[in-house]
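Structure, as structure tokens:
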Amino acid sequence: MSGRAPDVLVVGGGLIGCALAAELAGRGVDVTVLDRDEPGAEASGAAAGMLTPQSEAQARDAFFDLGIESRGMYPRWIARLSDETGMDTGYRSCGFLQCRFAGETAGDFEWQRALGLRVVAESGETLGARTGGRLSPHVNGAFFFPDEAVVDPRLLTRAAWLSALRRGARVRTQVAVLGFVIEKGICRGVETSEGRVPAGAVVDAAGAWAAFEGALPLRLPIEPVRGQIVALRLPAPPFDALVAASDVYLVPRPDGSVLLGATMERVGFRKAVTADAVARLIGAAARLMPSLGDAVFASAWSGLRPATPDALPVLGASPVPGLYFAAGHHRNGILLAPVTATIVADLLTGGPKRDLSAFSIERFAPALHLA
Ligand code: GLY
């Protein structure tokens with residue numbers, strides 16, 4: 001798009017929708033976000049906030065590169081948000097300790113070292129020192145990823161929301177999108193609970209709800225994957241780094257709370273917190289760090305991750321002109337927010353082009369079935 005700044009409608013005010021709106025507004029685009037509740041009410045407000053592209057990766061691919069790029073964007077993005085809003089978003093480049101118990105096989109991260117990324121093999125005393133000696137004696141090895149980081153997604157979403165507003169974006173809360181306006185094959189806006197909202201372009205950033213129950217002009221294969229999280233409270237922050245075993249991750253917060261995450265459950269749109277999941281998360285955390293058994297139970301919640309069949313996001317243009325996607329970020333929506341905002345804003349404003357074939361909705365053809 002060139003010439004006059006186009007109208008862009010972003011459907012969904014999670015972190016990705018707000019980050020995109022702020023990016024577009026900063027480029028002079030007239031942008032409105034619609035959220036059926038309020039920004040951060042769903043997955044962005046439920047996430048633990050780990051920015052950890054290295055520790056779960058098995059091999060280099062387009063998704064790994066995207067994650068590393070986005071993690072690298074965080075320090076500048078956070079500094080800019082802090083300048084604009086005065087908000088602390090809880091960003092810390094604290095590192096991630098992936099532990100293994102006796103009998104578990106160590107991963108192979110040589111390929112990451114070959115790319116110049118930092119991975120440190122830990123055992124014995126150095127391992128104990130990372131967690132103040134709190135790890136179970138049955139943990140007999142770990143990899144430490146010093147450049148993995150964390151953020152508080154609730155605070156970050158509020159900061160991105162505020163930044164979008166300060167840059168001139170409009171954010172309309174309590175507006176549900178019911179359908180998409182398609183004229184001569186082109187998306188011209190949406191139908192909402194408050195009537196038709198015309199737009200030059202529409203970006204679907206509606207998280208687990210991005211398929212709109214078939215109301216989209218094409219089939220977007222996204223389904224919710226529930227994640228439950230437990231928060232424990234300790235008198236003081238017990239350790240600095242993110243710590244994980246194969247069945248749980250621990251996210252320490254500066255106020256002394258530790259988040260235990262997270263389940264992966266395909267149960268539709270049911271956001272319940274279950275006794276089973278809470279017991280399993282606390283059991284796994286206490287197996288990894290026995291002293292957590294003395295912590296005070298603070299709360300538990302769940303959120304719905306938006307998952308595609310190949311677990312990769314759907315980014316960019318679609319076969320329907322005027323309709324774009326910033327969706328399907330599954331376990332990595334917080335990590336991928338800044339790079340997603342830049343990619344989609346570039347597409348909408350004629351910025352640098354890049355190969356998005358791995359993330360295009362067209363990879364699901366011929367199942368798209370244009371209506
Ligand atoms: N990013 C961690 C999770 O989705 O549980």
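For the structure tokens, the naming scheme is as follows: chains receive sequential letters (A, B, ...) according to their order of presentation, residues are indexed from 1 within each chain, and ligands are indexed from 1 in presentation order.
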
Could you pull out the residues sitting within 7 Å of ligand 1, using only C-alpha atoms and all ligand atoms, and write them as an mmCIF file with N, CA, C and O atoms, in the first residue's frame?
```cif
data_model
loop_
_atom_site.group_PDB
_atom_site.id
_atom_site.type_symbol
_atom_site.label_atom_id
_atom_site.label_comp_id
_atom_site.auth_asym_id
_atom_site.auth_seq_id
_atom_site.Cartn_x
_atom_site.Cartn_y
_atom_site.Cartn_z
ATOM 1 N N ALA A 47 -0.374 -16.014 29.801
ATOM 2 C CA ALA A 47 0.940 -16.609 29.516
ATOM 3 C C ALA A 47 1.937 -16.326 30.631
ATOM 4 O O ALA A 47 1.836 -15.325 31.350
ATOM 5 N N ALA A 48 2.929 -17.216 30.727
ATOM 6 C CA ALA A 48 3.983 -17.020 31.730
ATOM 7 C C ALA A 48 5.032 -16.022 31.257
ATOM 8 O O ALA A 48 5.735 -15.427 32.071
ATOM 9 N N GLY A 49 5.166 -15.868 29.945
ATOM 10 C CA GLY A 49 6.043 -14.814 29.423
ATOM 11 C C GLY A 49 7.460 -15.227 29.093
ATOM 12 O O GLY A 49 8.348 -14.384 28.987
ATOM 13 N N MET A 50 7.687 -16.533 28.889
ATOM 14 C CA MET A 50 9.051 -16.972 28.570
ATOM 15 C C MET A 50 9.401 -16.613 27.128
ATOM 16 O O MET A 50 8.612 -16.849 26.213
ATOM 17 N N GLY A 227 -3.675 -24.214 28.436
ATOM 18 C CA GLY A 227 -2.516 -24.267 29.308
ATOM 19 C C GLY A 227 -2.928 -23.793 30.689
ATOM 20 O O GLY A 227 -3.492 -22.714 30.842
ATOM 21 N N GLY A 261 4.332 -23.914 35.027
ATOM 22 C CA GLY A 261 3.549 -24.126 33.811
ATOM 23 C C GLY A 261 4.033 -25.329 33.060
ATOM 24 O O GLY A 261 5.069 -25.891 33.364
ATOM 25 N N ALA A 262 3.357 -25.647 32.107
ATOM 26 C CA ALA A 262 1.937 -25.437 31.844
ATOM 27 C C ALA A 262 1.431 -26.696 31.166
ATOM 28 O O ALA A 262 2.185 -27.399 30.505
ATOM 29 N N THR A 263 0.144 -26.955 31.342
ATOM 30 C CA THR A 263 -0.443 -28.126 30.690
ATOM 31 C C THR A 263 -0.633 -27.856 29.205
ATOM 32 O O THR A 263 -0.618 -26.708 28.748
ATOM 33 N N ARG A 305 -4.136 -21.465 24.026
ATOM 34 C CA ARG A 305 -3.159 -21.172 22.971
ATOM 35 C C ARG A 305 -3.812 -21.419 21.614
ATOM 36 O O ARG A 305 -4.556 -22.400 21.458
ATOM 37 N N HIS A 330 0.448 -20.233 18.915
ATOM 38 C CA HIS A 330 0.547 -21.406 19.791
ATOM 39 C C HIS A 330 1.335 -21.100 21.084
ATOM 40 O O HIS A 330 0.927 -20.278 21.872
ATOM 41 N N ARG A 331 2.500 -21.724 21.300
ATOM 42 C CA ARG A 331 3.249 -21.562 22.558
ATOM 43 C C ARG A 331 4.152 -20.342 22.541
ATOM 44 O O ARG A 331 4.892 -20.105 23.495
ATOM 45 N N ASN A 332 4.120 -19.551 21.456
ATOM 46 C CA ASN A 332 5.148 -18.517 21.310
ATOM 47 C C ASN A 332 4.619 -17.129 20.956
ATOM 48 O O ASN A 332 5.327 -16.339 20.345
#
```

Skipping near chain neighbours, those fewer than 3 positions away, what residues fall within 8 Å of A:Thr131 using only C-alpha atoms, listed as a PDB file with all heavy atoms, in the first residue's frame?
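File written: around_23.pdb
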```pdb
ATOM      1  N   LEU A 127      25.888 -26.138  38.544  1.00  0.00           N
ATOM      2  CA  LEU A 127      24.449 -26.341  38.404  1.00  0.00           C
ATOM      3  C   LEU A 127      23.737 -25.926  39.697  1.00  0.00           C
ATOM      4  O   LEU A 127      22.759 -25.172  39.672  1.00  0.00           O
ATOM      5  CB  LEU A 127      24.204 -27.811  38.082  1.00  0.00           C
ATOM      6  CG  LEU A 127      22.785 -28.303  37.945  1.00  0.00           C
ATOM      7  CD1 LEU A 127      22.022 -27.450  36.960  1.00  0.00           C
ATOM      8  CD2 LEU A 127      22.784 -29.747  37.479  1.00  0.00           C
ATOM      9  N   GLY A 128      24.236 -26.374  40.816  1.00  0.00           N
ATOM     10  CA  GLY A 128      23.620 -26.026  42.098  1.00  0.00           C
ATOM     11  C   GLY A 128      23.629 -24.517  42.323  1.00  0.00           C
ATOM     12  O   GLY A 128      22.657 -23.948  42.837  1.00  0.00           O
ATOM     13  N   ARG A 134      18.907 -25.230  45.381  1.00  0.00           N
ATOM     14  CA  ARG A 134      17.538 -25.721  45.596  1.00  0.00           C
ATOM     15  C   ARG A 134      17.149 -26.912  44.734  1.00  0.00           C
ATOM     16  O   ARG A 134      16.103 -27.534  44.963  1.00  0.00           O
ATOM     17  CB  ARG A 134      16.544 -24.582  45.343  1.00  0.00           C
ATOM     18  CG  ARG A 134      16.526 -23.543  46.440  1.00  0.00           C
ATOM     19  CD  ARG A 134      15.454 -22.507  46.149  1.00  0.00           C
ATOM     20  NE  ARG A 134      15.299 -21.624  47.270  1.00  0.00           N
ATOM     21  CZ  ARG A 134      16.092 -20.594  47.520  1.00  0.00           C
ATOM     22  NH1 ARG A 134      17.123 -20.350  46.716  1.00  0.00           N
ATOM     23  NH2 ARG A 134      15.890 -19.820  48.567  1.00  0.00           N
ATOM     24  N   LEU A 135      17.938 -27.205  43.712  1.00  0.00           N
ATOM     25  CA  LEU A 135      17.549 -28.300  42.812  1.00  0.00           C
ATOM     26  C   LEU A 135      17.595 -29.642  43.517  1.00  0.00           C
ATOM     27  O   LEU A 135      18.436 -29.868  44.394  1.00  0.00           O
ATOM     28  CB  LEU A 135      18.510 -28.376  41.627  1.00  0.00           C
ATOM     29  CG  LEU A 135      18.303 -27.412  40.469  1.00  0.00           C
ATOM     30  CD1 LEU A 135      19.347 -27.675  39.403  1.00  0.00           C
ATOM     31  CD2 LEU A 135      16.901 -27.525  39.892  1.00  0.00           C
ATOM     32  N   PRO A 238      13.324 -16.760  44.811  1.00  0.00           N
ATOM     33  CA  PRO A 238      14.186 -17.865  45.244  1.00  0.00           C
ATOM     34  C   PRO A 238      15.370 -18.114  44.321  1.00  0.00           C
ATOM     35  O   PRO A 238      16.358 -18.700  44.741  1.00  0.00           O
ATOM     36  CB  PRO A 238      13.247 -19.067  45.223  1.00  0.00           C
ATOM     37  CG  PRO A 238      12.200 -18.719  44.209  1.00  0.00           C
ATOM     38  CD  PRO A 238      12.069 -17.234  44.221  1.00  0.00           C
ATOM     39  N   PHE A 239      15.249 -17.712  43.065  1.00  0.00           N
ATOM     40  CA  PHE A 239      16.337 -17.907  42.101  1.00  0.00           C
ATOM     41  C   PHE A 239      16.049 -16.953  40.952  1.00  0.00           C
ATOM     42  O   PHE A 239      14.952 -16.385  40.851  1.00  0.00           O
ATOM     43  CB  PHE A 239      16.423 -19.359  41.623  1.00  0.00           C
ATOM     44  CG  PHE A 239      15.088 -19.983  41.284  1.00  0.00           C
ATOM     45  CD1 PHE A 239      14.572 -19.897  40.002  1.00  0.00           C
ATOM     46  CD2 PHE A 239      14.330 -20.627  42.259  1.00  0.00           C
ATOM     47  CE1 PHE A 239      13.338 -20.439  39.694  1.00  0.00           C
ATOM     48  CE2 PHE A 239      13.071 -21.173  41.944  1.00  0.00           C
ATOM     49  CZ  PHE A 239      12.589 -21.077  40.654  1.00  0.00           C
ATOM     50  N   ASP A 240      17.036 -16.776  40.090  1.00  0.00           N
ATOM     51  CA  ASP A 240      16.905 -15.741  39.076  1.00  0.00           C
ATOM     52  C   ASP A 240      16.458 -16.292  37.722  1.00  0.00           C
ATOM     53  O   ASP A 240      15.594 -15.737  37.050  1.00  0.00           O
ATOM     54  CB  ASP A 240      18.268 -15.042  38.928  1.00  0.00           C
ATOM     55  CG  ASP A 240      18.153 -13.797  38.083  1.00  0.00           C
ATOM     56  OD1 ASP A 240      17.210 -13.017  38.343  1.00  0.00           O
ATOM     57  OD2 ASP A 240      18.950 -13.629  37.141  1.00  0.00           O
ATOM     58  N   ALA A 241      17.082 -17.424  37.321  1.00  0.00           N
ATOM     59  CA  ALA A 241      16.844 -17.937  35.968  1.00  0.00           C
ATOM     60  C   ALA A 241      15.509 -18.675  35.870  1.00  0.00           C
ATOM     61  O   ALA A 241      14.929 -19.087  36.876  1.00  0.00           O
ATOM     62  CB  ALA A 241      17.968 -18.900  35.588  1.00  0.00           C
TER      63      ALA A 241
END
```

Worksheet entry | Spatial neighbours of stretch 33-42 of chain A, max dist 7 Å, only C-alpha atoms, sep filter under 2 positions, as a ChimeraX atom specification | /A:9-15,21,31,44-46,154,157,170-176,303

Fill in: Residues of stretch 227-314 of chain A in strand (DSSP E or B), written as a PyMOL selection string
chain A and resi 227-233+242-245+248-252+257-261+265+267+269+296-307+314

Worksheet item: Excluding same-chain residues fewer than 6 positions from A:Arg266, what lies within 7 Å of it counting only C-alpha atoms, as a list in words?
Response: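 The residues that qualify are Pro224, Val225 and Arg226 of chain A.
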
Discussion item. So, with only C-alpha atoms as the atoms that count, which of A:Leu162, A:Ala149, A:Ala121, A:Ala208 lies closest to A:Ile68?
Written reply: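 For A:Ile68, the nearest of the candidates is A:Ala149.
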
Fill in: atom CA of A:Ala277 to atom CA of A:Leu250, distance in Å rounded to a single decimal
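Atom CA of A:Ala277 sits 15.0 Å away from atom CA of A:Leu250.
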
Worksheet item: Any idea what's packed within 9 Å of A:Gly26, counting only C-alpha atoms, ignoring anything in its chain fewer than 5 positions away? Could you give it as a ChimeraX atom specification?
Response: /A:21,164,167-169

Would you write out those residues with N, CA and C atoms, as a compact mmCIF listing (two decimals), in the first residue's frame?
```txt
# COMPACT_ATOMS: atom_id res chain seq x y z
N ALA A 21 -0.83 -2.71 16.20
CA ALA A 21 -1.48 -1.39 16.12
C ALA A 21 -0.49 -0.28 16.46
N ALA A 164 -0.03 2.05 21.65
CA ALA A 164 -0.87 2.17 20.46
C ALA A 164 -1.77 3.41 20.58
N ARG A 167 0.10 6.67 20.20
CA ARG A 167 0.53 6.93 18.82
C ARG A 167 -0.66 7.24 17.90
N GLY A 168 -1.86 7.20 18.45
CA GLY A 168 -3.03 7.61 17.67
C GLY A 168 -3.94 6.49 17.23
N ALA A 169 -3.62 5.24 17.59
CA ALA A 169 -4.53 4.13 17.26
C ALA A 169 -5.78 4.23 18.12
```

Practice prompt. Within stretch 96-252 of chain A, find each residue whose DSSP state, derived from the backbone, is helix (DSSP H, G or I), and express the selection as a PyMOL selection string.
Written response: chain A and resi 110-114+124-130+153-166+207-209+212-214

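With only C-alpha atoms as the atoms that count, the residue of A:His329, A:Val296, A:Lys271, A:Trp111 with the shortest distance to A:Ala236 is A:Val296.
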
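With only C-alpha atoms as the atoms that count, the minimum distance from A:Ala286 to the choices A:Asp310, A:Pro319, A:His138, A:Ser163 is reached by A:His138.
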
Worksheet item: Between atom CA of A:Pro53 and atom CA of A:Glu148, what is the distance, to one decimal in Å?
Response: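 Rounded to one decimal, the two atoms are 7.4 Å apart.
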
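Closest approach to A:Met289 among A:Ala272, A:Gly107, A:Gly133, A:Asp83: A:Gly133, based on only C-alpha atoms.
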
Fill in: Distance criterion (only C-alpha atoms): nearest to A:Glu223 out of A:Val190, A:Ala205, A:Val267, A:Leu288
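Among the listed residues, A:Val267 lies closest to A:Glu223.
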
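Counting only C-alpha atoms and comparing A:Ala358, A:Val139, A:Ala159, A:Ile229, the residue that lies closest to A:Pro290 is A:Val139.
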
Discussion item. So that I can check the surroundings of A:Leu117, please list as a VMD selection string every protein, DNA and RNA residue that reaches within 10 Å of it, counting only C-alpha atoms and ignoring chain neighbours fewer than 5 positions away.
Written reply: chain A and resid 54 68 109 to 112 145 to 147

For the selection just defined, write its residues with C-alpha atoms to a file, as a short mmCIF file (atom, residue, chain, number, x, y, z; two decimals), in the first residue's frame.
```cif
data_model
loop_
_atom_site.label_atom_id
_atom_site.label_comp_id
_atom_site.auth_asym_id
_atom_site.auth_seq_id
_atom_site.Cartn_x
_atom_site.Cartn_y
_atom_site.Cartn_z
CA GLN A 54 16.61 -21.90 21.96
CA ILE A 68 15.75 -15.78 17.60
CA PHE A 109 22.77 -28.28 21.03
CA GLU A 110 26.05 -28.23 19.08
CA TRP A 111 24.14 -26.95 16.05
CA GLN A 112 23.18 -23.85 18.09
CA PHE A 145 20.87 -20.83 27.81
CA PRO A 146 22.14 -17.44 29.06
CA ASP A 147 20.29 -15.35 26.46
#
```
